[in-house]
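Engineer: What follows is the file entry.cif, containing mmCIF, C-alpha atoms:
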```
data_target
loop_
_atom_site.label_atom_id
_atom_site.label_comp_id
_atom_site.auth_asym_id
_atom_site.auth_seq_id
_atom_site.Cartn_x
_atom_site.Cartn_y
_atom_site.Cartn_z
CA MET A 25 0.00 0.00 0.00
CA LEU A 26 1.03 3.55 -0.49
CA VAL A 27 1.03 6.12 2.23
CA SER A 28 -2.25 5.71 4.02
CA GLY A 29 -2.11 7.86 7.10
CA ARG A 30 -1.53 11.51 7.62
CA SER A 31 0.85 11.01 10.52
CA VAL A 32 2.97 8.53 8.58
CA LEU A 33 3.27 10.94 5.75
CA LEU A 34 4.16 13.95 7.80
CA THR A 35 6.88 12.20 9.74
CA ALA A 36 8.32 10.24 6.88
CA ALA A 37 8.01 12.51 3.88
CA LEU A 38 10.25 15.16 5.23
CA THR A 39 12.99 12.92 6.56
CA LEU A 40 16.20 13.11 4.61
CA ALA A 41 17.52 9.68 3.75
CA ALA A 42 20.60 9.16 5.86
CA GLY A 43 23.63 7.58 4.22
CA SER A 44 21.99 8.16 0.90
CA ALA A 45 24.65 6.53 -1.29
CA ALA A 46 24.65 3.23 0.61
CA ALA A 47 20.87 3.22 0.79
CA GLN A 48 20.76 3.86 -2.94
CA SER A 49 22.70 0.73 -3.80
CA GLN A 50 20.42 -1.32 -1.54
CA PHE A 51 17.39 0.07 -3.39
CA GLU A 52 19.07 -0.82 -6.66
CA LYS A 53 19.90 -4.34 -5.51
CA TYR A 54 16.34 -4.83 -4.47
CA GLN A 55 15.05 -3.49 -7.81
CA LYS A 56 17.25 -5.97 -9.65
CA MET A 57 16.12 -8.96 -7.63
CA VAL A 58 12.52 -7.98 -8.12
CA ALA A 59 12.94 -7.60 -11.88
CA GLU A 60 14.42 -11.09 -12.18
CA GLY A 61 11.23 -12.65 -10.86
CA SER A 62 8.86 -10.44 -12.79
CA PRO A 63 5.71 -12.05 -14.18
CA VAL A 64 4.90 -9.17 -16.59
CA GLU A 65 4.94 -11.46 -19.59
CA LEU A 66 1.86 -13.20 -18.25
CA PHE A 67 0.00 -9.89 -18.36
CA GLU A 68 1.22 -9.28 -21.89
CA LEU A 69 -0.07 -12.69 -22.94
CA VAL A 70 -3.55 -12.12 -21.55
CA GLY A 71 -3.52 -8.59 -23.00
CA GLU A 72 -2.76 -9.94 -26.45
CA GLY A 73 -5.76 -12.23 -26.19
CA LEU A 74 -8.01 -9.32 -25.19
CA TRP A 75 -6.64 -7.08 -27.95
CA LYS A 76 -7.63 -9.67 -30.55
CA LYS A 77 -10.94 -10.66 -29.00
CA PRO A 78 -14.12 -9.40 -30.71
CA GLN A 79 -16.19 -7.51 -28.14
CA GLY A 80 -18.91 -4.91 -27.75
CA PRO A 81 -22.04 -4.15 -29.80
CA LYS A 82 -19.99 -4.17 -33.01
CA ASN A 83 -18.35 -7.47 -32.06
CA ALA A 84 -14.99 -6.14 -33.19
CA SER A 85 -11.48 -6.56 -31.81
CA LEU A 86 -9.06 -3.70 -31.17
CA GLU A 87 -6.68 -4.89 -33.86
CA GLN A 88 -7.54 -1.96 -36.13
CA CYS A 89 -6.99 0.60 -33.39
CA ASP A 90 -4.77 3.44 -34.61
CA LEU A 91 -2.34 4.33 -31.84
CA GLY A 92 -0.70 7.00 -33.95
CA LEU A 93 1.38 4.99 -36.42
CA GLY A 94 -1.58 3.78 -38.46
CA ALA A 95 -4.40 1.31 -37.90
CA GLY A 96 -3.09 -1.90 -36.37
CA VAL A 97 0.54 -0.79 -36.01
CA LEU A 98 1.78 -1.69 -32.54
CA GLN A 99 5.55 -1.84 -32.94
CA GLY A 100 6.98 1.27 -31.32
CA ALA A 101 3.56 2.93 -30.97
CA TYR A 102 3.59 3.22 -27.19
CA ALA A 103 7.00 4.93 -27.19
CA ARG A 104 5.51 7.73 -29.31
CA LEU A 105 2.66 8.51 -26.94
CA PRO A 106 1.15 10.77 -25.75
CA ARG A 107 0.60 12.53 -29.06
CA TYR A 108 -1.91 14.63 -30.96
CA PHE A 109 -4.63 12.75 -32.86
CA ARG A 110 -6.22 14.64 -35.69
CA ASP A 111 -9.42 12.54 -35.69
CA VAL A 112 -10.33 13.77 -32.21
CA ASP A 113 -8.34 17.02 -32.29
CA ARG A 114 -6.69 16.38 -28.95
CA VAL A 115 -3.69 14.82 -27.22
CA MET A 116 -4.12 11.26 -26.01
CA ASP A 117 -2.00 8.82 -24.07
CA LEU A 118 -2.20 5.06 -24.46
CA GLU A 119 -5.10 4.47 -22.11
CA THR A 120 -7.13 7.39 -23.43
CA ARG A 121 -6.60 6.21 -26.99
CA MET A 122 -7.54 2.62 -26.19
CA LEU A 123 -10.73 3.86 -24.56
CA HIS A 124 -11.44 5.82 -27.74
CA CYS A 125 -10.95 2.66 -29.82
CA MET A 126 -13.24 0.64 -27.53
CA MET A 127 -15.95 3.23 -28.09
CA THR A 128 -15.48 3.73 -31.83
CA LEU A 129 -14.35 0.32 -33.10
CA GLN A 130 -16.24 -1.85 -30.64
CA GLY A 131 -19.21 0.47 -30.17
CA ARG A 132 -18.98 0.32 -26.38
CA SER A 133 -20.42 3.08 -24.19
CA LEU A 134 -18.18 5.29 -22.09
CA GLU A 135 -19.95 4.02 -19.01
CA GLU A 136 -19.41 0.36 -19.83
CA ALA A 137 -15.82 0.72 -21.00
CA THR A 138 -14.78 2.67 -17.90
CA LYS A 139 -16.72 0.62 -15.37
CA ARG A 140 -13.63 -1.09 -14.00
CA LEU A 141 -10.45 0.67 -15.05
CA PHE A 142 -8.24 -0.32 -12.16
CA GLY A 143 -8.24 -3.91 -11.01
CA ASN A 144 -6.71 -5.79 -8.14
CA ALA A 145 -4.49 -8.82 -7.62
CA ASP A 146 -7.38 -11.27 -7.90
CA LYS A 147 -8.78 -9.69 -11.02
CA PRO A 148 -6.70 -7.25 -13.05
CA SER A 149 -8.65 -4.92 -15.33
CA GLU A 150 -8.94 -5.09 -19.10
CA MET A 151 -7.10 -1.75 -19.37
CA GLU A 152 -4.20 -3.13 -17.33
CA TYR A 153 -3.83 -6.25 -19.45
CA LEU A 154 -4.11 -4.26 -22.68
CA SER A 155 -1.55 -1.68 -21.50
CA ALA A 156 0.90 -4.48 -20.72
CA TYR A 157 0.54 -5.97 -24.19
CA VAL A 158 0.73 -2.75 -26.18
CA ALA A 159 3.59 -1.22 -24.16
CA GLY A 160 5.54 -4.47 -24.52
CA GLN A 161 5.55 -3.91 -28.29
CA SER A 162 7.76 -0.84 -27.81
CA ARG A 163 10.70 -2.48 -26.02
CA GLY A 164 13.91 -0.91 -27.22
CA HIS A 165 12.19 2.04 -28.90
CA ALA A 166 13.32 5.45 -27.69
CA MET A 167 10.64 7.39 -25.84
CA ALA A 168 9.56 10.08 -28.29
CA PRO A 169 6.19 11.63 -27.45
CA GLY A 170 4.69 14.11 -29.91
CA GLN A 171 6.04 17.64 -29.60
CA SER A 172 5.47 19.36 -32.91
CA HIS A 173 1.74 20.13 -32.85
CA PRO A 174 0.65 23.22 -30.90
CA ARG A 175 -1.73 21.08 -28.84
CA GLU A 176 1.16 18.79 -27.89
CA GLN A 177 3.18 21.80 -26.79
CA ALA A 178 0.21 23.15 -24.85
CA ALA A 179 -0.22 19.78 -23.10
CA TYR A 180 3.43 19.81 -22.07
CA GLU A 181 3.14 23.36 -20.71
CA LEU A 182 -0.03 22.53 -18.78
CA GLY A 183 1.57 19.39 -17.34
CA ARG A 184 4.62 21.33 -16.25
CA LYS A 185 2.44 23.94 -14.59
CA LEU A 186 0.40 21.29 -12.80
CA TYR A 187 3.54 19.59 -11.52
CA PHE A 188 4.52 22.68 -9.57
CA TYR A 189 1.00 23.93 -8.77
CA ARG A 190 0.21 23.79 -5.04
CA THR A 191 -3.38 22.97 -4.26
CA GLY A 192 -5.76 20.85 -2.21
CA LEU A 193 -6.23 20.33 1.51
CA TRP A 194 -2.52 20.27 2.21
CA ASP A 195 -1.44 22.84 -0.32
CA PHE A 196 0.82 20.24 -1.94
CA SER A 197 2.16 20.06 -5.47
CA CYS A 198 3.85 17.09 -7.12
CA ALA A 199 7.08 18.91 -6.37
CA SER A 200 6.33 18.87 -2.63
CA CYS A 201 7.24 15.20 -2.75
CA HIS A 202 9.08 14.94 -6.07
CA GLY A 203 11.04 18.17 -5.87
CA GLU A 204 14.26 17.59 -3.98
CA GLU A 205 17.03 15.03 -4.24
CA GLY A 206 17.48 12.34 -1.63
CA LYS A 207 13.99 12.23 -0.14
CA ARG A 208 12.02 9.13 0.55
CA ILE A 209 8.84 7.87 2.19
CA ARG A 210 9.49 4.64 4.05
CA MET A 211 11.20 2.35 1.51
CA SER A 212 10.22 4.42 -1.51
CA GLU A 213 12.57 6.89 -3.04
CA LEU A 214 10.92 10.08 -4.20
CA PRO A 215 12.31 10.76 -7.66
CA VAL A 216 12.71 14.36 -8.84
CA LEU A 217 10.61 13.74 -11.90
CA TYR A 218 11.04 17.12 -13.57
CA LYS A 219 14.71 16.27 -14.10
CA PRO A 220 15.53 14.07 -17.08
CA GLU A 221 18.11 11.98 -15.21
CA ALA A 222 15.47 10.89 -12.71
CA ALA A 223 12.52 10.70 -15.09
CA ARG A 224 14.19 8.72 -17.86
CA PRO A 225 14.75 5.31 -16.24
CA LEU A 226 11.46 5.42 -14.32
CA ILE A 227 9.01 6.70 -16.92
CA ALA A 228 10.50 4.29 -19.49
CA THR A 229 9.38 1.35 -17.33
CA TRP A 230 5.69 2.18 -16.93
CA PRO A 231 3.17 0.52 -16.97
CA ALA A 232 4.51 -1.89 -14.36
CA TYR A 233 3.96 -4.83 -12.07
CA ARG A 234 4.04 -3.94 -8.38
CA VAL A 235 5.46 -6.76 -6.34
CA SER A 236 4.24 -5.35 -3.03
CA ASN A 237 0.66 -6.16 -3.92
CA SER A 238 1.02 -8.41 -6.98
CA THR A 239 -0.86 -6.05 -9.26
CA PHE A 240 -0.23 -4.57 -12.67
CA LYS A 241 -0.49 -0.78 -12.70
CA THR A 242 -0.97 1.70 -15.54
CA MET A 243 0.40 5.22 -15.86
CA GLN A 244 -3.02 6.77 -15.31
CA TRP A 245 -3.31 4.82 -12.09
CA ARG A 246 0.10 6.15 -11.00
CA ILE A 247 -0.87 9.74 -11.68
CA ASN A 248 -4.30 9.34 -10.03
CA ASN A 249 -2.78 7.75 -6.98
CA CYS A 250 -0.30 10.57 -6.54
CA PHE A 251 -3.12 13.11 -6.77
CA ARG A 252 -4.85 11.05 -4.11
CA GLN A 253 -1.75 11.26 -1.95
CA MET A 254 -1.91 15.04 -2.36
CA ARG A 255 -5.52 14.89 -1.12
CA THR A 256 -6.90 16.48 -4.26
CA PRO A 257 -9.84 14.92 -6.09
CA GLU A 258 -8.61 12.26 -8.51
CA PRO A 259 -8.71 13.42 -12.12
CA VAL A 260 -11.21 11.91 -14.53
CA PHE A 261 -9.85 9.02 -16.58
CA GLY A 262 -8.61 10.20 -19.96
CA SER A 263 -9.07 13.85 -19.02
CA GLU A 264 -6.94 16.73 -20.24
CA VAL A 265 -5.21 16.93 -16.86
CA VAL A 266 -4.00 13.32 -16.87
CA ASN A 267 -2.86 13.53 -20.47
CA ALA A 268 -1.03 16.80 -19.85
CA MET A 269 0.74 15.38 -16.80
CA ASN A 270 1.69 12.26 -18.70
CA MET A 271 2.96 14.39 -21.58
CA PHE A 272 5.12 16.48 -19.26
CA LEU A 273 6.62 13.40 -17.59
CA THR A 274 7.20 11.56 -20.87
CA VAL A 275 8.80 14.52 -22.63
CA THR A 276 11.11 14.87 -19.63
CA ALA A 277 12.04 11.22 -20.07
CA GLN A 278 12.42 11.38 -23.85
CA GLY A 279 15.28 9.58 -25.56
CA GLU A 280 15.31 6.73 -23.05
CA PRO A 281 14.86 3.31 -24.67
CA TYR A 282 11.60 1.79 -23.44
CA ARG A 283 12.31 -1.12 -21.10
CA GLY A 284 8.88 -1.97 -19.77
CA PRO A 285 6.52 -3.17 -18.73
CA GLY A 286 8.64 -2.81 -15.63
CA THR A 287 8.59 -4.14 -12.12
CA LYS A 288 8.31 -1.80 -9.18
CA ARG A 289 8.36 -2.05 -5.43
CA MET B 19 -9.92 -16.74 -17.94
CA ALA B 20 -7.48 -19.51 -17.08
CA ASP B 21 -4.29 -18.09 -15.65
CA PRO B 22 -1.59 -18.32 -18.29
CA MET B 23 1.82 -20.00 -18.19
CA LYS B 24 4.89 -19.21 -20.17
CA ILE B 25 8.24 -20.95 -20.69
CA ARG B 26 11.38 -19.43 -22.06
CA ALA B 27 14.18 -21.90 -22.74
CA THR B 28 17.50 -20.83 -24.22
CA LEU B 29 20.68 -22.77 -24.78
CA LYS B 30 24.04 -21.60 -23.44
CA GLY B 31 26.73 -24.15 -24.34
CA ASP B 32 25.26 -27.49 -23.28
CA LEU B 33 23.23 -25.88 -20.51
CA ALA B 34 19.66 -24.89 -21.20
CA ASP B 35 18.39 -21.95 -19.18
CA VAL B 36 14.73 -22.55 -18.51
CA ARG B 37 12.43 -19.94 -17.04
CA VAL B 38 8.78 -20.54 -16.38
CA LEU B 39 6.11 -18.06 -15.34
CA MET B 40 2.98 -19.47 -13.76
CA GLY B 41 -0.13 -17.41 -13.15
CA HIS B 42 -1.57 -18.54 -9.80
CA PRO B 43 -3.07 -16.74 -6.77
CA MET B 44 -0.91 -18.72 -4.27
CA GLU B 45 -3.19 -17.91 -1.35
CA THR B 46 -1.47 -18.40 1.99
CA GLY B 47 -4.61 -19.06 3.98
CA GLN B 48 -3.64 -16.14 6.21
CA ARG B 49 -5.48 -13.37 4.39
CA LYS B 50 -9.01 -12.22 5.04
CA ASP B 51 -11.50 -10.97 2.49
CA GLY B 52 -13.41 -7.67 2.66
CA ALA B 53 -15.98 -9.22 5.00
CA GLY B 54 -13.30 -10.49 7.41
CA LYS B 55 -13.62 -14.12 6.39
CA PRO B 56 -10.37 -16.06 5.90
CA ILE B 57 -9.49 -16.70 2.26
CA PRO B 58 -8.86 -20.45 1.96
CA LEU B 59 -5.45 -21.86 1.16
CA HIS B 60 -4.90 -22.17 -2.57
CA PHE B 61 -1.43 -22.95 -3.75
CA ILE B 62 0.59 -24.98 -6.23
CA GLN B 63 1.83 -28.16 -4.58
CA GLU B 64 3.72 -29.92 -7.31
CA VAL B 65 5.71 -28.76 -10.28
CA THR B 66 6.85 -31.34 -12.83
CA VAL B 67 9.39 -30.69 -15.55
CA LYS B 68 9.83 -33.10 -18.43
CA LEU B 69 12.51 -33.05 -21.07
CA ASN B 70 11.47 -34.86 -24.25
CA GLY B 71 8.82 -36.70 -22.27
CA LYS B 72 11.13 -37.84 -19.47
CA THR B 73 10.61 -36.39 -15.99
CA VAL B 74 13.70 -34.48 -14.88
CA ILE B 75 12.37 -32.45 -11.95
CA GLU B 76 9.58 -33.13 -9.51
CA GLY B 77 9.26 -30.23 -7.11
CA GLN B 78 7.11 -29.90 -4.03
CA ILE B 79 6.38 -26.26 -3.28
CA SER B 80 4.30 -24.54 -0.66
CA GLN B 81 2.21 -21.48 0.10
CA ALA B 82 5.42 -19.67 1.00
CA ILE B 83 5.93 -18.92 -2.69
CA SER B 84 4.55 -15.60 -3.97
CA ARG B 85 1.61 -15.04 -6.29
CA ASN B 86 2.43 -15.59 -9.97
CA PRO B 87 5.58 -17.62 -9.33
CA VAL B 88 8.64 -17.56 -11.54
CA PHE B 89 11.08 -20.47 -11.50
CA SER B 90 14.29 -20.82 -13.38
CA PHE B 91 16.70 -23.70 -13.57
CA ARG B 92 19.32 -25.16 -15.85
CA VAL B 93 19.24 -28.44 -17.67
CA LYS B 94 22.53 -30.09 -18.55
CA GLY B 95 23.08 -31.86 -21.85
CA ALA B 96 20.13 -30.24 -23.57
CA LYS B 97 20.03 -29.63 -27.32
CA SER B 98 18.33 -27.02 -29.41
CA GLY B 99 14.83 -28.23 -30.28
CA ASP B 100 14.45 -30.40 -27.18
CA LYS B 101 10.95 -30.22 -25.78
CA VAL B 102 10.47 -28.85 -22.27
CA GLU B 103 7.12 -29.55 -20.73
CA ILE B 104 6.11 -28.07 -17.38
CA SER B 105 2.98 -28.77 -15.40
CA TRP B 106 1.64 -27.98 -11.96
CA LEU B 107 -0.93 -29.42 -9.60
CA ASP B 108 -2.48 -27.30 -6.84
CA ASN B 109 -4.13 -28.22 -3.56
CA LYS B 110 -7.59 -28.01 -5.12
CA GLY B 111 -6.63 -30.56 -7.74
CA ASP B 112 -6.45 -28.03 -10.57
CA THR B 113 -3.63 -28.44 -13.05
CA ASN B 114 -2.11 -26.55 -15.92
CA ARG B 115 0.64 -27.36 -18.38
CA THR B 116 2.57 -25.82 -21.20
CA GLU B 117 5.53 -26.71 -23.37
CA ALA B 118 8.23 -25.05 -25.42
CA ALA B 119 11.18 -26.04 -27.57
CA ILE B 120 14.66 -25.05 -26.44
CA ALA B 121 15.94 -22.29 -28.70
#
```
Is it possible to give me this structure as structure tokens?
Structural biologist:
Amino acid sequence: MLVSGRSVLLTAALTLAAGSAAAQSQFEKYQKMVAEGSPVELFELVGEGLWKKPQGPKNASLEQCDLGLGAGVLQGAYARLPRYFRDVDRVMDLETRMLHCMMTLQGRSLEEATKRLFGNADKPSEMEYLSAYVAGQSRGHAMAPGQSHPREQAAYELGRKLYFYRTGLWDFSCASCHGEEGKRIRMSELPVLYKPEAARPLIATWPAYRVSNSTFKTMQWRINNCFRQMRTPEPVFGSEVVNAMNMFLTVTAQGEPYRGPGTKR
Amino acid sequence: MADPMKIRATLKGDLADVRVLMGHPMETGQRKDGAGKPIPLHFIQEVTVKLNGKTVIEGQISQAISRNPVFSFRVKGAKSGDKVEISWLDNKGDTNRTEAAIA
């Protein structure tokens, strides 16, 4: 579980990690061990089945979904998201685009397709399985989100603004936790995600399997959960806010070869 | 949906590196559900590995192993194209199996 109590957060969040260099290598050792036993391929396998399975009122699969490189092209597509899509005149990340394809290609309603976006260990969600499969098709491709269209640039600027924008009950911003080197909460390091050196290796491994609760997590979940930790309302799935935040983080991580789906604490 | 299994088997010299992923809840019997009722034990008891039809490993495992287990081991004297077949049996009597050729 993430931080669940106010007292835990207040005492732990602001503690500087002592002996940071030694602690660092222990974190890294742990990361490595965890990655060796990663079951992400199982999620990719199930996701592939769901991608190809005819569903919805139109009884169609998602195979013709255009993730930006043309209908049905999966190789390297995830590494180029988020990006601007002319057909909807907006920026979309992977999950937002897949939702769009479920509604257009499969004829599913927004309500039905978003009924259960985030699953649990006993029953992962369709979105989680699909994210695993599609992201896995970008291994080795450099992260290169869209940056040429004015809407892509606007999304980046909005995401950057949101990252530093203090709000909510506690007057926190993302930077309150992810703003200074060497901070951690319990056993979690708090990466300074507006800096490329920190963002690159981490963003290039989402979506990811979390060993602490045996679940597969998507990027939108990660962003939502951090808003929750800030005690702001969680953003609507696929909304402009989530896409802008994802754009900001991914542009900051650009150039890094995609190595996911990853394995996290 | 039946939990999937996946084998990856690659040859290094005359040693085959075999890695198998097994989707399974591996319930410890110690957890409780939302209503506070204990979730019954549910775990893989036996893992069997066959090489070209001949049993080479018979493993007894327990609920101490995590959800979605990953096992890896090396097989000596294996050749490219040899068939690795892995199956499990859990405490409810359910089984699953999959196979792959060593590449």
Engineer: Compute the chain B side of the contact with chain A at 8 Å, counting only C-alpha atoms, and hand it back as a PyMOL selection string.
Structural biologist: chain B and resi 22-24+39-41+43+85-89
Engineer: Could you name the residues that touch Phe188 (chain A) at 7 Å or less, counting all atoms listed in the file, but leaving out those on the same chain fewer than 3 positions away, as a VMD selection string?
Structural biologist: chain A and resid 184 to 185 197 to 199
Engineer: Could you state which residues are captured by the PyMOL selection byres ((chain B and resi 104-115) around 9) in this file, as a list in words?
Structural biologist: Ala20, Asp21, Pro22, Met23, Ile25, Val38, Met40, Leu59, His60, Phe61, Ile62, Gln63, Glu64, Val65, Thr66, Val67, Lys68, Leu69, Val102, Glu103, Thr116, Glu117 and Ala118 of chain B
Engineer: Apply the PyMOL selection byres ((chain A and resi 149) around 12) to the structure shown and report the selected residues as JSON, numbers by chain.
Structural biologist: {"A": [67, 70, 71, 74, 137, 138, 139, 140, 141, 142, 143, 144, 145, 146, 147, 148, 150, 151, 152, 153, 154, 155, 156, 239, 240, 241, 242, 245]}
Engineer: Write out as a PyMOL selection string each polymer residue whose atoms come within 8 Å of region 272-287 of chain A, counting all atoms listed in the file; drop sequence neighbours fewer than 6 positions from it.
Structural biologist: chain A and resi 55+58-59+62+64+103+106+156+159-160+162-169+179-184+217-221+223-225+227-235
Engineer: Expressed in Å to a single decimal, how great is the separation between CA of Ile120 (chain B) and CA of Met57 (chain A)?
Structural biologist: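 Answer for the CA of Ile120 (chain B) to CA of Met57 (chain A) separation: 24.8 Å.
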Engineer: With all atoms listed in the file as the atoms that count, which of A:Arg190, A:Lys82, A:Lys77, A:His173 lies nearest to Arg132 (chain A)?
Structural biologist: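 Closest to Arg132 (chain A) of all the choices is A:Lys82.
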Engineer: Work out how far apart CA of Arg114 (chain A) and CA of Asn267 (chain A) are and give it in Å to one decimal.
Structural biologist: 9.7 Å
Engineer: Determine the residue set returned by the PyMOL selection byres ((chain A and resi 89) around 12) for the present structure, and present it as a PyMOL selection string.
Structural biologist: chain A and resi 75-76+84-88+90-98+101+118+121-130+158
Engineer: If we count only C-alpha atoms and set the cut-off at 8 Å, which residues sit around Asp32 (chain B), ignoring sequence neighbours fewer than 2 positions away in its own chain? Please answer as a ChimeraX atom specification.
Structural biologist: /B:29-30,34,94-97
Engineer: Would you mind reading off the distance between CA of Pro215 (chain A) and CA of Lys53 (chain A), one decimal, in Å?
Structural biologist: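 If I compute the distance from CA of Pro215 (chain A) to CA of Lys53 (chain A), I get 17.0 Å.
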Engineer: Neighbours of Gln81 (chain B) within 7 Å (only C-alpha atoms; same-chain residues fewer than 4 positions away dropped), as a list in words?
Structural biologist: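 Residues meeting the cut-off are Met44, Glu45, Thr46 and Phe61 of chain B.
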Engineer: Select, from A:Glu176, A:Glu264, A:Gly131, A:Arg255, the residue with the minimum atom-to-atom distance to Pro78 (chain A), counting only C-alpha atoms.
Structural biologist: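 Smallest distance to Pro78 (chain A) is found for A:Gly131.
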Engineer: Would you mind putting back N, CA and C atoms on region 82-99 of chain B, then writing it out as a compact mmCIF listing (two decimals), in the coordinates of the input?
Structural biologist:
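Contents of the output file result-v6.txt:
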```txt
# COMPACT_ATOMS: atom_id res chain seq x y z
N ALA B 82 4.43 -20.72 0.72
CA ALA B 82 5.42 -19.67 1.00
C ALA B 82 5.89 -18.96 -0.27
N ILE B 83 5.53 -19.52 -1.41
CA ILE B 83 5.93 -18.92 -2.69
C ILE B 83 4.92 -17.82 -3.07
N SER B 84 5.41 -16.74 -3.67
CA SER B 84 4.55 -15.60 -3.97
C SER B 84 3.52 -15.90 -5.06
N ARG B 85 2.56 -15.00 -5.18
CA ARG B 85 1.61 -15.04 -6.29
C ARG B 85 2.37 -14.97 -7.61
N ASN B 86 1.82 -15.58 -8.64
CA ASN B 86 2.43 -15.59 -9.97
C ASN B 86 3.91 -15.99 -9.94
N PRO B 87 4.18 -17.21 -9.52
CA PRO B 87 5.58 -17.62 -9.33
C PRO B 87 6.39 -17.67 -10.62
N VAL B 88 7.67 -17.43 -10.45
CA VAL B 88 8.64 -17.56 -11.54
C VAL B 88 9.70 -18.54 -11.07
N PHE B 89 9.98 -19.56 -11.86
CA PHE B 89 11.08 -20.47 -11.50
C PHE B 89 12.06 -20.49 -12.65
N SER B 90 13.34 -20.58 -12.30
CA SER B 90 14.29 -20.82 -13.38
C SER B 90 15.30 -21.85 -12.93
N PHE B 91 15.76 -22.63 -13.87
CA PHE B 91 16.70 -23.70 -13.57
C PHE B 91 17.45 -24.02 -14.84
N ARG B 92 18.53 -24.80 -14.68
CA ARG B 92 19.32 -25.16 -15.85
C ARG B 92 19.31 -26.66 -16.07
N VAL B 93 19.25 -27.03 -17.31
CA VAL B 93 19.24 -28.44 -17.67
C VAL B 93 20.52 -28.75 -18.44
N LYS B 94 21.25 -29.74 -17.95
CA LYS B 94 22.53 -30.09 -18.55
C LYS B 94 22.31 -31.05 -19.72
N GLY B 95 23.12 -30.93 -20.74
CA GLY B 95 23.08 -31.86 -21.85
C GLY B 95 21.90 -31.66 -22.78
N ALA B 96 21.29 -30.48 -22.71
CA ALA B 96 20.13 -30.24 -23.57
C ALA B 96 20.59 -29.80 -24.97
N LYS B 97 19.73 -30.05 -25.95
CA LYS B 97 20.03 -29.63 -27.32
C LYS B 97 18.93 -28.70 -27.82
N SER B 98 19.32 -27.90 -28.79
CA SER B 98 18.33 -27.02 -29.41
C SER B 98 17.21 -27.88 -29.99
N GLY B 99 15.98 -27.47 -29.77
CA GLY B 99 14.83 -28.23 -30.28
C GLY B 99 14.25 -29.22 -29.28
```
